[in-house]
>>> print(open('protein-v8.cif').read())   # mmCIF, C-alpha atoms
data_input
#
loop_
_atom_site.group_PDB
_atom_site.id
_atom_site.type_symbol
_atom_site.label_atom_id
_atom_site.label_comp_id
_atom_site.auth_asym_id
_atom_site.auth_seq_id
_atom_site.Cartn_x
_atom_site.Cartn_y
_atom_site.Cartn_z
ATOM 1 C CA MET A 289 176.027 172.007 -136.897
ATOM 2 C CA PHE A 290 177.375 171.239 -140.353
ATOM 3 C CA ARG A 291 181.109 171.454 -140.996
ATOM 4 C CA ARG A 292 180.652 172.350 -144.684
ATOM 5 C CA THR A 293 177.826 174.410 -146.145
ATOM 6 C CA MET A 294 177.242 174.746 -149.892
ATOM 7 C CA GLY A 295 175.104 177.382 -151.575
ATOM 8 C CA ILE A 296 174.052 177.686 -155.220
ATOM 9 C CA ASP A 297 172.883 180.942 -156.770
ATOM 10 C CA TYR A 298 171.041 180.013 -159.957
ATOM 11 C CA SER A 299 169.564 182.444 -162.450
ATOM 12 C CA GLY A 300 168.434 181.163 -165.828
ATOM 13 C CA ALA A 301 166.103 178.793 -167.601
ATOM 14 C CA GLU A 302 168.375 176.582 -169.684
ATOM 15 C CA THR A 303 168.871 172.822 -169.745
ATOM 16 C CA ALA A 304 170.782 170.963 -167.003
ATOM 17 C CA GLU A 305 173.832 170.691 -169.319
ATOM 18 C CA ALA A 306 173.918 174.374 -170.385
ATOM 19 C CA SER A 307 176.953 176.393 -169.258
ATOM 20 C CA LEU A 308 175.354 179.274 -167.320
ATOM 21 C CA LYS A 309 177.115 182.551 -166.536
ATOM 22 C CA GLY A 310 174.517 183.279 -163.830
ATOM 23 C CA LEU A 311 175.092 180.051 -161.870
ATOM 24 C CA ARG A 312 177.495 180.427 -158.945
ATOM 25 C CA VAL A 313 178.537 177.929 -156.257
ATOM 26 C CA TYR A 314 179.733 178.968 -152.790
ATOM 27 C CA GLN A 315 181.203 176.992 -149.906
ATOM 28 C CA ALA A 316 181.774 177.802 -146.239
ATOM 29 C CA ILE A 317 183.786 175.504 -143.976
ATOM 30 C CA ASP A 318 183.280 175.734 -140.226
ATOM 31 C CA ASP A 319 182.907 179.425 -139.299
ATOM 32 C CA ASP A 320 184.753 180.803 -142.367
ATOM 33 C CA GLU A 321 183.105 183.272 -144.730
ATOM 34 C CA PRO A 322 181.603 181.684 -147.880
ATOM 35 C CA ARG A 323 183.928 181.604 -150.889
ATOM 36 C CA GLU A 324 183.040 181.095 -154.514
ATOM 37 C CA VAL A 325 183.929 177.650 -155.901
ATOM 38 C CA LEU A 326 185.195 177.830 -159.482
ATOM 39 C CA PRO A 327 183.797 175.380 -162.050
ATOM 40 C CA PRO A 328 185.907 172.349 -162.970
ATOM 41 C CA VAL A 329 188.413 172.748 -165.797
ATOM 42 C CA GLY A 330 186.892 171.600 -169.067
ATOM 43 C CA PRO A 331 185.204 172.692 -172.278
ATOM 44 C CA LYS A 332 182.492 174.671 -170.462
ATOM 45 C CA LYS A 333 183.503 178.041 -169.005
ATOM 46 C CA TYR A 334 180.723 178.219 -166.398
ATOM 47 C CA TRP A 335 178.921 175.815 -164.076
ATOM 48 C CA THR A 336 176.089 173.657 -165.338
ATOM 49 C CA ARG A 337 173.234 172.611 -163.064
ATOM 50 C CA ARG A 338 174.141 168.947 -163.519
ATOM 51 C CA VAL A 339 177.827 169.407 -162.590
ATOM 52 C CA SER A 340 177.052 171.664 -159.615
ATOM 53 C CA VAL A 341 175.464 168.755 -157.703
ATOM 54 C CA ARG A 342 178.539 166.588 -158.291
ATOM 55 C CA ILE A 343 181.102 168.846 -156.640
ATOM 56 C CA PRO A 344 182.944 167.393 -153.619
ATOM 57 C CA GLY A 345 180.470 167.337 -150.766
ATOM 58 C CA GLY A 346 177.554 167.835 -153.170
ATOM 59 C CA SER A 347 174.283 165.981 -152.825
ATOM 60 C CA SER A 348 175.004 163.228 -155.373
ATOM 61 C CA GLU A 349 178.162 161.865 -153.683
#
>>> encode(input="protein-v8.cif", output="structure tokens")
Amino acid sequence: MFRRTMGIDYSGAETAEASLKGLRVYQAIDDDEPREVLPPVGPKKYWTRRVSVRIPGGSSE
């Protein structure tokens, strides 16, 4: 069993660097309900596909 589970809901056909309103990231730890993970503070208001794989516990770390 995994301790942390990440889920990405992606809707859109932009570039990997585009700030996408329809991209959401969720995380569940242990048996807790999934909670939305807010994008990092910066110039882009929404997640980008490239940044979403670099979140703590993401696949590129």
>>> closest_residue(input="protein-v8.cif", among="A:Lys309, A:Glu302, A:Arg292, A:Ile317", to="Lys332 in chain A", atoms="all atoms listed in the file")
A:Lys309
>>> resolve_selection(input="protein-v8.cif", expression="the PyMOL selection byres ((chain A and resi 319) around 12)", output="PyMOL selection string")
chain A and resi 289-293+315-318+320-323
>>> write_last_selection(input="protein-v8.cif", atoms="C-alpha atoms", output="tab-separated table (two decimals), in the coordinates of the input")
chain	number	residue	atom	x	y	z
A	289	MET	CA	176.03	172.01	-136.90
A	290	PHE	CA	177.38	171.24	-140.35
A	291	ARG	CA	181.11	171.45	-141.00
A	292	ARG	CA	180.65	172.35	-144.68
A	293	THR	CA	177.83	174.41	-146.15
A	315	GLN	CA	181.20	176.99	-149.91
A	316	ALA	CA	181.77	177.80	-146.24
A	317	ILE	CA	183.79	175.50	-143.98
A	318	ASP	CA	183.28	175.73	-140.23
A	320	ASP	CA	184.75	180.80	-142.37
A	321	GLU	CA	183.10	183.27	-144.73
A	322	PRO	CA	181.60	181.68	-147.88
A	323	ARG	CA	183.93	181.60	-150.89
>>> closest_residue(input="protein-v8.cif", among="A:Ala301, A:Arg338, A:Leu311, A:Ala306", to="Val325 in chain A", atoms="all atoms listed in the file")
A:Leu311
>>> axis_aligned_box(input="protein-v8.cif", around="range 326-331 of chain A", padding_each_side="5 Å", output="JSON")
{"center_x": 186.1, "center_y": 174.7, "center_z": -165.9, "size_x": 14.6, "size_y": 16.2, "size_z": 22.8}
>>> atom_distance(input="protein-v8.cif", atom1="CA of Gly295 in chain A", atom2="CA of Pro327 in chain A")
13.8 Å
>>> residues_around(input="protein-v8.cif", residues="Ile296 in chain A", least_positions_apart="2", cutoff="8 Å", atoms="all atoms listed in the file", output="list in words")
Met294, Tyr298, Leu311, Arg312, Val313 and Tyr314 of chain A
